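J.: So here's coords-v1.tsv (TSV, C-alpha atoms and all ligand atoms).
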```tsv
chain	number	residue	atom	x	y	z
A	1	MET	CA	0.00	0.00	0.00
A	2	THR	CA	1.23	3.46	-0.79
A	3	ALA	CA	1.33	6.21	1.83
A	4	PRO	CA	-1.26	8.97	1.52
A	5	SER	CA	-0.07	11.28	-1.22
A	6	LEU	CA	0.48	14.97	-0.77
A	7	GLY	CA	-1.64	15.62	-3.82
A	8	PRO	CA	-5.30	16.63	-3.79
A	9	LEU	CA	-7.88	14.60	-1.89
A	10	LEU	CA	-10.19	14.57	-4.88
A	11	SER	CA	-9.27	14.88	-8.54
A	12	VAL	CA	-11.89	15.01	-11.23
A	13	ARG	CA	-10.43	14.47	-14.67
A	14	GLY	CA	-12.24	15.00	-17.97
A	15	LEU	CA	-15.56	14.02	-16.45
A	16	ARG	CA	-18.36	13.60	-18.96
A	17	LYS	CA	-21.94	12.48	-18.54
A	18	VAL	CA	-24.33	12.01	-21.42
A	19	PHE	CA	-27.83	10.90	-20.52
A	20	ALA	CA	-29.78	8.54	-22.74
A	21	ASP	CA	-31.58	11.38	-24.49
A	22	ASP	CA	-28.23	12.84	-25.65
A	23	VAL	CA	-28.24	15.53	-22.96
A	24	VAL	CA	-24.64	16.40	-22.20
A	25	ALA	CA	-25.01	17.05	-18.48
A	26	VAL	CA	-21.28	17.22	-17.71
A	27	ASP	CA	-18.80	18.13	-20.38
A	28	ASN	CA	-15.07	17.49	-19.86
A	29	LEU	CA	-14.97	18.74	-16.28
A	30	THR	CA	-11.59	18.82	-14.53
A	31	PHE	CA	-10.85	20.12	-11.03
A	32	ASP	CA	-9.10	19.28	-7.76
A	33	LEU	CA	-10.18	19.54	-4.15
A	34	SER	CA	-7.55	19.62	-1.40
A	35	GLN	CA	-7.76	17.89	1.94
A	36	GLY	CA	-9.65	20.15	4.37
A	37	GLU	CA	-10.85	22.47	1.64
A	38	SER	CA	-14.40	23.66	1.11
A	39	LEU	CA	-15.13	23.96	-2.59
A	40	ALA	CA	-18.42	25.25	-3.96
A	41	ILE	CA	-20.01	24.54	-7.32
A	42	VAL	CA	-22.32	27.25	-8.63
A	43	GLY	CA	-24.17	27.59	-11.89
A	44	GLU	CA	-27.67	28.04	-13.22
A	45	SER	CA	-30.30	25.34	-13.00
A	46	GLY	CA	-29.43	22.44	-15.28
A	47	SER	CA	-25.71	23.28	-15.47
A	48	GLY	CA	-24.71	19.82	-14.23
A	49	LYS	CA	-23.98	20.43	-10.54
A	50	THR	CA	-26.04	17.55	-9.13
A	51	THR	CA	-24.92	15.17	-11.85
A	52	THR	CA	-21.29	15.94	-10.99
A	53	ALA	CA	-21.95	15.52	-7.27
A	54	ARG	CA	-23.75	12.20	-7.77
A	55	ILE	CA	-20.96	10.76	-9.89
A	56	ILE	CA	-18.34	11.75	-7.30
A	57	ALA	CA	-20.48	10.18	-4.56
A	58	GLY	CA	-20.70	6.98	-6.59
A	59	LEU	CA	-24.46	7.27	-7.05
A	60	ASP	CA	-24.19	7.56	-10.81
A	61	SER	CA	-21.64	6.46	-13.38
A	62	ALA	CA	-19.68	8.70	-15.71
A	63	THR	CA	-19.76	8.35	-19.49
A	64	ALA	CA	-16.05	9.20	-19.54
A	65	GLY	CA	-13.36	10.60	-17.30
A	66	ASP	CA	-12.05	9.76	-13.85
A	67	VAL	CA	-12.78	10.52	-10.24
A	68	LEU	CA	-9.69	9.96	-8.11
A	69	LEU	CA	-9.45	9.92	-4.34
A	70	ASP	CA	-5.85	10.28	-3.13
A	71	GLY	CA	-4.85	9.79	-6.73
A	72	ARG	CA	-6.59	6.41	-7.03
A	73	PRO	CA	-9.71	5.76	-9.11
A	74	MET	CA	-12.96	5.64	-7.14
A	75	ALA	CA	-14.75	3.43	-9.64
A	76	GLY	CA	-15.30	-0.10	-8.42
A	77	THR	CA	-13.63	0.44	-5.06
A	78	GLY	CA	-14.73	-1.27	-1.88
A	79	ARG	CA	-16.94	-0.19	0.94
A	80	ARG	CA	-14.13	1.41	2.95
A	81	ARG	CA	-13.37	3.89	0.21
A	82	ARG	CA	-17.03	4.40	-0.59
A	83	ARG	CA	-17.46	5.49	3.00
A	84	ASP	CA	-14.89	8.24	2.40
A	85	VAL	CA	-17.38	10.23	0.32
A	86	GLN	CA	-20.84	10.93	1.71
A	87	MET	CA	-23.62	13.10	0.39
A	88	VAL	CA	-26.33	15.20	2.03
A	89	PHE	CA	-29.29	16.21	-0.12
A	90	GLN	CA	-31.73	19.10	-0.09
A	91	ASP	CA	-34.58	16.88	1.04
A	92	PRO	CA	-33.60	14.77	4.06
A	93	PHE	CA	-36.86	12.79	3.77
A	94	GLY	CA	-35.35	11.07	0.77
A	95	SER	CA	-32.59	9.49	2.87
A	96	LEU	CA	-34.51	8.92	6.14
A	97	ASP	CA	-36.75	5.92	6.67
A	98	PRO	CA	-40.06	7.33	7.97
A	99	ARG	CA	-40.72	4.18	10.06
A	100	GLN	CA	-37.41	4.25	11.86
A	101	LYS	CA	-36.58	6.38	14.87
A	102	VAL	CA	-33.63	8.66	14.34
A	103	GLY	CA	-31.34	6.97	16.88
A	104	ALA	CA	-32.13	3.49	15.58
A	105	ALA	CA	-31.40	4.58	12.01
A	106	ILE	CA	-27.96	5.85	12.95
A	107	ALA	CA	-27.28	2.73	15.06
A	108	GLU	CA	-28.22	0.52	12.12
A	109	LEU	CA	-25.85	2.36	9.83
A	110	LEU	CA	-23.04	1.94	12.36
A	111	ALA	CA	-23.82	-1.78	12.67
A	112	VAL	CA	-23.47	-2.22	8.90
A	113	HIS	CA	-20.13	-0.46	8.68
A	114	PHE	CA	-18.33	-0.97	11.97
A	115	ARG	CA	-17.68	-3.77	14.42
A	116	LEU	CA	-19.00	-2.29	17.66
A	117	SER	CA	-20.62	-3.61	20.81
A	118	LYS	CA	-24.15	-2.49	21.56
A	119	ALA	CA	-22.88	-0.14	24.25
A	120	GLU	CA	-20.25	1.32	21.93
A	121	ARG	CA	-22.87	1.82	19.29
A	122	ARG	CA	-25.19	3.58	21.70
A	123	SER	CA	-22.47	5.91	22.84
A	124	ARG	CA	-21.42	6.59	19.23
A	125	VAL	CA	-25.03	7.52	18.34
A	126	ALA	CA	-25.20	9.89	21.33
A	127	GLY	CA	-21.88	11.43	20.32
A	128	LEU	CA	-22.97	11.96	16.71
A	129	LEU	CA	-26.26	13.54	17.73
A	130	ASP	CA	-24.43	15.78	20.16
A	131	GLU	CA	-22.02	16.78	17.43
A	132	VAL	CA	-24.89	18.08	15.30
A	133	GLY	CA	-26.65	19.79	18.21
A	134	LEU	CA	-29.30	17.13	18.94
A	135	ASP	CA	-29.84	14.84	21.95
A	136	GLU	CA	-31.65	11.67	23.20
A	137	ARG	CA	-35.04	13.29	22.83
A	138	HIS	CA	-34.44	13.56	19.10
A	139	ALA	CA	-33.02	10.04	18.98
A	140	SER	CA	-36.38	8.60	20.01
A	141	GLU	CA	-38.37	10.60	17.45
A	142	TYR	CA	-39.47	9.66	13.97
A	143	PRO	CA	-38.19	11.97	11.21
A	144	ARG	CA	-41.67	13.44	10.62
A	145	ASN	CA	-41.74	14.78	14.20
A	146	LEU	CA	-38.63	16.83	13.67
A	147	SER	CA	-38.32	20.28	12.12
A	148	GLY	CA	-36.67	20.73	8.73
A	149	GLY	CA	-33.49	21.99	10.37
A	150	GLN	CA	-33.42	19.08	12.83
A	151	ARG	CA	-33.95	16.60	10.01
A	152	GLN	CA	-31.06	18.10	8.11
A	153	ARG	CA	-28.93	17.78	11.26
A	154	VAL	CA	-29.89	14.08	11.38
A	155	ALA	CA	-28.88	13.68	7.75
A	156	ILE	CA	-25.52	15.27	8.55
A	157	ALA	CA	-25.08	12.99	11.61
A	158	ARG	CA	-25.79	9.96	9.44
A	159	ALA	CA	-23.21	11.08	6.91
A	160	LEU	CA	-20.66	11.74	9.67
A	161	ALA	CA	-21.33	8.30	11.18
A	162	LEU	CA	-19.38	6.81	8.28
A	163	GLU	CA	-16.39	9.06	9.04
A	164	PRO	CA	-16.15	10.47	5.53
A	165	ARG	CA	-13.22	12.51	4.34
A	166	LEU	CA	-15.36	14.33	1.81
A	167	LEU	CA	-18.90	15.49	2.47
A	168	ILE	CA	-20.90	16.54	-0.57
A	169	LEU	CA	-23.78	18.86	0.22
A	170	ASP	CA	-26.22	19.41	-2.65
A	171	GLU	CA	-28.46	22.41	-1.87
A	172	ALA	CA	-28.42	21.05	1.68
A	173	VAL	CA	-29.65	24.27	3.27
A	174	ALA	CA	-31.77	25.52	0.36
A	175	ALA	CA	-35.12	24.40	1.82
A	176	LEU	CA	-34.53	25.90	5.26
A	177	ASP	CA	-35.70	29.24	6.65
A	178	VAL	CA	-32.98	31.85	6.65
A	179	SER	CA	-32.35	31.69	10.42
A	180	VAL	CA	-32.29	27.88	10.47
A	181	GLN	CA	-30.09	27.96	7.38
A	182	ALA	CA	-27.60	30.14	9.26
A	183	GLN	CA	-27.57	27.68	12.19
A	184	VAL	CA	-26.91	24.69	9.94
A	185	LEU	CA	-24.19	26.60	8.09
A	186	ASN	CA	-22.55	27.43	11.41
A	187	LEU	CA	-22.74	23.77	12.35
A	188	LEU	CA	-21.00	22.84	9.09
A	189	ILE	CA	-18.29	25.43	9.69
A	190	ASP	CA	-17.75	24.07	13.25
A	191	LEU	CA	-17.62	20.49	12.01
A	192	ARG	CA	-14.99	21.37	9.51
A	193	ASP	CA	-12.85	22.88	12.25
A	194	ARG	CA	-13.32	19.86	14.49
A	195	ARG	CA	-13.01	17.04	11.97
A	196	ASP	CA	-10.54	16.63	9.17
A	197	ILE	CA	-13.25	16.89	6.57
A	198	SER	CA	-13.55	18.51	3.15
A	199	TYR	CA	-16.72	19.87	1.59
A	200	LEU	CA	-18.02	19.95	-1.92
A	201	PHE	CA	-20.85	22.40	-1.59
A	202	VAL	CA	-23.40	22.67	-4.38
A	203	SER	CA	-25.60	25.74	-4.12
A	204	HIS	CA	-27.39	28.31	-6.19
A	205	ASP	CA	-27.27	30.71	-3.23
A	206	LEU	CA	-24.19	32.86	-3.64
A	207	ALA	CA	-24.48	34.36	-0.14
A	208	VAL	CA	-24.29	30.84	1.28
A	209	VAL	CA	-21.40	29.97	-1.03
A	210	ARG	CA	-19.53	33.05	0.13
A	211	GLN	CA	-19.96	31.97	3.74
A	212	ILE	CA	-19.05	28.31	3.44
A	213	SER	CA	-16.47	27.92	0.67
A	214	ASP	CA	-12.80	28.77	0.19
A	215	ARG	CA	-12.89	28.24	-3.53
A	216	CYS	CA	-15.64	27.95	-6.10
A	217	LEU	CA	-16.23	26.54	-9.55
A	218	VAL	CA	-18.68	28.12	-11.94
A	219	MET	CA	-20.43	25.68	-14.28
A	220	CYS	CA	-22.41	26.41	-17.42
A	221	ALA	CA	-23.99	23.74	-19.59
A	222	GLY	CA	-21.90	21.04	-17.95
A	223	ALA	CA	-18.58	22.79	-18.46
A	224	LEU	CA	-16.28	24.70	-16.14
A	225	VAL	CA	-16.47	28.42	-16.87
A	226	GLU	CA	-14.13	29.75	-14.21
A	227	GLN	CA	-12.74	28.84	-10.81
A	228	GLY	CA	-10.84	30.58	-8.06
A	229	GLU	CA	-11.01	31.83	-4.52
A	230	THR	CA	-14.66	32.39	-3.74
A	231	ARG	CA	-14.22	36.05	-2.91
A	232	ASP	CA	-12.28	36.74	-6.10
A	233	VAL	CA	-14.79	34.94	-8.29
A	234	LEU	CA	-17.81	36.60	-6.70
A	235	ASP	CA	-16.31	40.09	-6.38
A	236	ASN	CA	-14.32	40.16	-9.61
A	237	PRO	CA	-15.74	37.61	-12.01
A	238	ARG	CA	-13.65	37.24	-15.13
A	239	GLU	CA	-16.30	35.62	-17.29
A	240	SER	CA	-19.46	37.28	-18.52
A	241	TYR	CA	-21.45	34.16	-17.63
A	242	THR	CA	-20.42	34.54	-13.98
A	243	ARG	CA	-21.36	38.22	-14.09
A	244	GLN	CA	-24.80	37.28	-15.43
A	245	LEU	CA	-25.17	34.73	-12.65
A	246	LEU	CA	-24.26	37.36	-10.05
A	247	ASP	CA	-26.52	39.98	-11.64
A	248	ALA	CA	-29.35	37.49	-11.71
A	249	VAL	CA	-29.36	36.91	-7.98
A	250	PRO	CA	-31.25	39.90	-6.62
A	251	ARG	CA	-33.82	39.96	-9.38
A	252	PRO	CA	-37.00	38.07	-8.55
A	253	GLY	CA	-38.58	36.16	-11.39
A	254	TRP	CA	-35.29	35.55	-13.14
A	255	ILE	CA	-35.61	32.80	-15.69
A	256	PRO	CA	-32.43	30.81	-16.08
A	257	ARG	CA	-30.93	30.78	-19.51
A	258	ARG	CA	-31.47	27.26	-20.83
A	259	ARG	CA	-28.53	26.11	-22.86
A	260	GLN	CA	-27.43	22.71	-23.87
A	261	ALA	CA	-24.04	22.03	-25.39
A	262	GLY	CA	-24.37	20.98	-28.99
A	263	THR	CA	-28.15	20.97	-28.96
A	264	PRO	CA	-29.59	22.63	-32.05
A	265	SER	CA	-32.23	25.17	-31.15
B	301	LIG	N1	-31.51	11.11	-14.85
B	301	LIG	C1	-31.48	11.98	-15.86
B	301	LIG	N2	-31.87	11.64	-17.09
B	301	LIG	C2	-31.79	12.51	-18.13
B	301	LIG	N3	-31.34	13.77	-18.02
B	301	LIG	C3	-30.93	14.18	-16.80
B	301	LIG	C4	-30.97	13.32	-15.66
B	301	LIG	N4	-30.49	14.00	-14.57
B	301	LIG	C5	-30.17	15.23	-15.02
B	301	LIG	N5	-30.41	15.35	-16.35
B	301	LIG	C6	-30.16	16.53	-17.19
B	301	LIG	O1	-28.80	16.87	-17.04
B	301	LIG	C7	-28.63	18.29	-16.98
B	301	LIG	C8	-27.95	18.66	-15.69
B	301	LIG	O2	-28.81	18.38	-14.60
B	301	LIG	P1	-28.38	18.58	-13.09
B	301	LIG	O3	-29.45	18.03	-12.24
B	301	LIG	O4	-27.00	18.04	-12.90
B	301	LIG	O5	-28.34	20.18	-12.96
B	301	LIG	P2	-28.15	21.12	-11.69
B	301	LIG	O6	-27.03	22.05	-12.03
B	301	LIG	O7	-28.01	20.30	-10.47
B	301	LIG	O8	-29.52	21.94	-11.67
B	301	LIG	P3	-30.38	22.52	-10.43
B	301	LIG	O9	-29.69	23.79	-10.01
B	301	LIG	O10	-31.72	22.79	-11.04
B	301	LIG	O11	-30.40	21.48	-9.36
B	301	LIG	C9	-30.02	18.87	-17.15
B	301	LIG	O12	-30.20	19.17	-18.51
B	301	LIG	C10	-30.93	17.74	-16.73
B	301	LIG	O13	-32.19	17.83	-17.36
B	302	MG	MG	-29.17	20.11	-8.72
```
How would this structure read if it were set down as structure tokens?

T.:
Amino acid sequence: MTAPSLGPLLSVRGLRKVFADDVVAVDNLTFDLSQGESLAIVGESGSGKTTTARIIAGLDSATAGDVLLDGRPMAGTGRRRRRDVQMVFQDPFGSLDPRQKVGAAIAELLAVHFRLSKAERRSRVAGLLDEVGLDERHASEYPRNLSGGQRQRVAIARALALEPRLLILDEAVAALDVSVQAQVLNLLIDLRDRRDISYLFVSHDLAVVRQISDRCLVMCAGALVEQGETRDVLDNPRESYTRQLLDAVPRPGWIPRRRQAGTPS
């Protein structure tokens, strides 16, 4: 076995995804993410952000290109390496079993992935809930009895249970009220300080991106338009597409420009 490399944690190389109906969702996308870094992906609706995130998380396959973790291909790797990348979605209902109490769901996940005694498992569940600002009361609730913010905290606890090195958050705070959103963002910032974890943060909300990410990528029609330090990109965008994206933010009723690479209009 080779020692952990000093290179990036995640390398995406020439990633391409073409869906069955010839939609080029991701078009030759290449970028790196360093250990401990928080990288945001922004871009209009349909620009390929979720598709990219899902492929990196192993939930979808690429048409071409590579996703490397520590310089080694992710494709076809075992459970240990799959655990390294976890994803939190906008809608936590999708990943929570409505018939299972929150604590039991986390315990079950731990049982699948780790060899722990019942007592160890119980204490690990308590620790995870505590880490996301919840307690035993929440552990004995069903997801439907929790608030949206609490449910998203549960989803984060479940992801953390697998001790990932990379957490992908796809519009993970988009459905929350502004004040709850701020609390969950603060939680994510704290977690990053406490754990050696990196974020890939997909969001259409540039205020959120500014708060949470060190660097950001701008995607348009599946391709990378520009990337850089978040503040530089948002304050001094080099590309006109990024300027349009920034200009579009405060205007209600903005209709995203629909563009598909190579699609005749
Ligand atoms: N399962 C699928 N089958 C066919 N086409 C798909 C599928 N998933 C996504 N697409 C298409 O791929 C393109 C990129 O979609 P994607 O969901 O990655 O965009 P996004 O940037 O996440 O958008 P949003 O901001 O609205 O979430 C879109 O044209 C979309 O219609
Ligand atoms: Mg999306």

J.: Please, which residues have at least one atom within 7 Å of an atom of ligand MG 302 (chain B), using only C-alpha atoms and all ligand atoms, listed as a short mmCIF file (atom, residue, chain, number, x, y, z; two decimals) with C-alpha atoms, in the frame of the given file?

T.:
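The result, stored in pocket15.cif:
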```cif
data_model
loop_
_atom_site.label_atom_id
_atom_site.label_comp_id
_atom_site.auth_asym_id
_atom_site.auth_seq_id
_atom_site.Cartn_x
_atom_site.Cartn_y
_atom_site.Cartn_z
CA SER A 45 -30.30 25.34 -13.00
CA GLY A 46 -29.43 22.44 -15.28
CA LYS A 49 -23.98 20.43 -10.54
CA THR A 50 -26.04 17.55 -9.13
CA ASP A 170 -26.22 19.41 -2.65
#
```

J.: Please extract the residues at most 9 Å from ligand LIG 301 (chain B), counting all atoms listed in the file, and provide them as a ChimeraX atom specification, using the chain letters and residue numbers of this document.

T.: /A:17-26,41-54,170-171,202-204,219-222,258-260

J.: Would you work out the distance separating CA of Leu15 in chain A from CA of Thr63 in chain A, expressed in Å to one decimal?

T.: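 CA of Thr63 in chain A lies at a distance of 7.7 Å from CA of Leu15 in chain A.
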
J.: For the atom pair CA of Leu29 in chain A and CA of Gln181 in chain A, what is the interatomic distance in Å to one decimal place?

T.: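 Answer for the CA of Leu29 in chain A to CA of Gln181 in chain A separation: 29.6 Å.
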
J.: Please indicate the distance in Å from CA of Glu108 in chain A to CA of Gly149 in chain A, rounded to one decimal place.

T.: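 Result for CA of Glu108 in chain A versus CA of Gly149 in chain A: 22.2 Å, one decimal.
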
J.: What residues have an atom no more than 12 Å from (-31.1, 6.4, 16.3) in the file's own frame, counting only C-alpha atoms, and can you write them as a ChimeraX atom specification?

T.: /A:96-97,99-111,121-129,134-143,154-155,157-158,161

J.: I need the residue nearest Val12 in chain A from this list: A:Ser117, A:Leu224, A:Val178, A:Val209. Use only C-alpha atoms for the distance.

T.: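 Selected residue with least distance to Val12 in chain A: A:Leu224.
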
J.: So, with only C-alpha atoms as the atoms that count, which of A:Gln244, A:Ser198, A:Asn186, A:Ser147 lies closest to Ser34 in chain A?

T.: A:Ser198

J.: Excluding same-chain residues fewer than 3 positions from Ile197 in chain A, what lies within 6 Å of it counting only C-alpha atoms, as JSON, numbers by chain?

T.: {"A": [36, 165, 166, 192]}

J.: Can you work out which one of A:Met87, A:Leu206, A:Ala62, A:Met74 has the shortest atom-to-atom distance to Ala172 in chain A, counting only C-alpha atoms?

T.: A:Met87

J.: With 6 Å added on each side, what axis-aligned box encloses every listed atom of range 231-247 of chain A? Give the centre and edge lengths in Å to one decimal, as AutoDock Vina command-line options.

T.:
```
--center_x -19.4 --center_y 37.2 --center_z -10.7 --size_x 26.2 --size_y 18.0 --size_z 27.6
```

J.: May I ask which of the residues A:Ala175, A:Leu191, A:Leu200, A:Val225 is the closest one to Asn28 in chain A, counting only C-alpha atoms?

T.: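 Ranking A:Ala175, A:Leu191, A:Leu200, A:Val225 by distance to Asn28 in chain A, first place goes to A:Val225.
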
J.: Which of these, A:Ile55, A:Leu187, A:Ala40, A:Leu169, has the shortest distance to Asp130 in chain A once you count only C-alpha atoms?

T.: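 Between A:Ile55, A:Leu187, A:Ala40, A:Leu169, the residue approaching Asp130 in chain A most closely is A:Leu187.
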
J.: How would range 108-125 of chain A look written as a compact mmCIF listing (two decimals), in the first residue's frame with C-alpha atoms?

T.:
```
# COMPACT_ATOMS: atom_id res chain seq x y z
CA GLU A 108 -28.22 0.52 12.12
CA LEU A 109 -25.85 2.36 9.83
CA LEU A 110 -23.04 1.94 12.36
CA ALA A 111 -23.82 -1.78 12.67
CA VAL A 112 -23.47 -2.22 8.90
CA HIS A 113 -20.13 -0.46 8.68
CA PHE A 114 -18.33 -0.97 11.97
CA ARG A 115 -17.68 -3.77 14.42
CA LEU A 116 -19.00 -2.29 17.66
CA SER A 117 -20.62 -3.61 20.81
CA LYS A 118 -24.15 -2.49 21.56
CA ALA A 119 -22.88 -0.14 24.25
CA GLU A 120 -20.25 1.32 21.93
CA ARG A 121 -22.87 1.82 19.29
CA ARG A 122 -25.19 3.58 21.70
CA SER A 123 -22.47 5.91 22.84
CA ARG A 124 -21.42 6.59 19.23
CA VAL A 125 -25.03 7.52 18.34
```
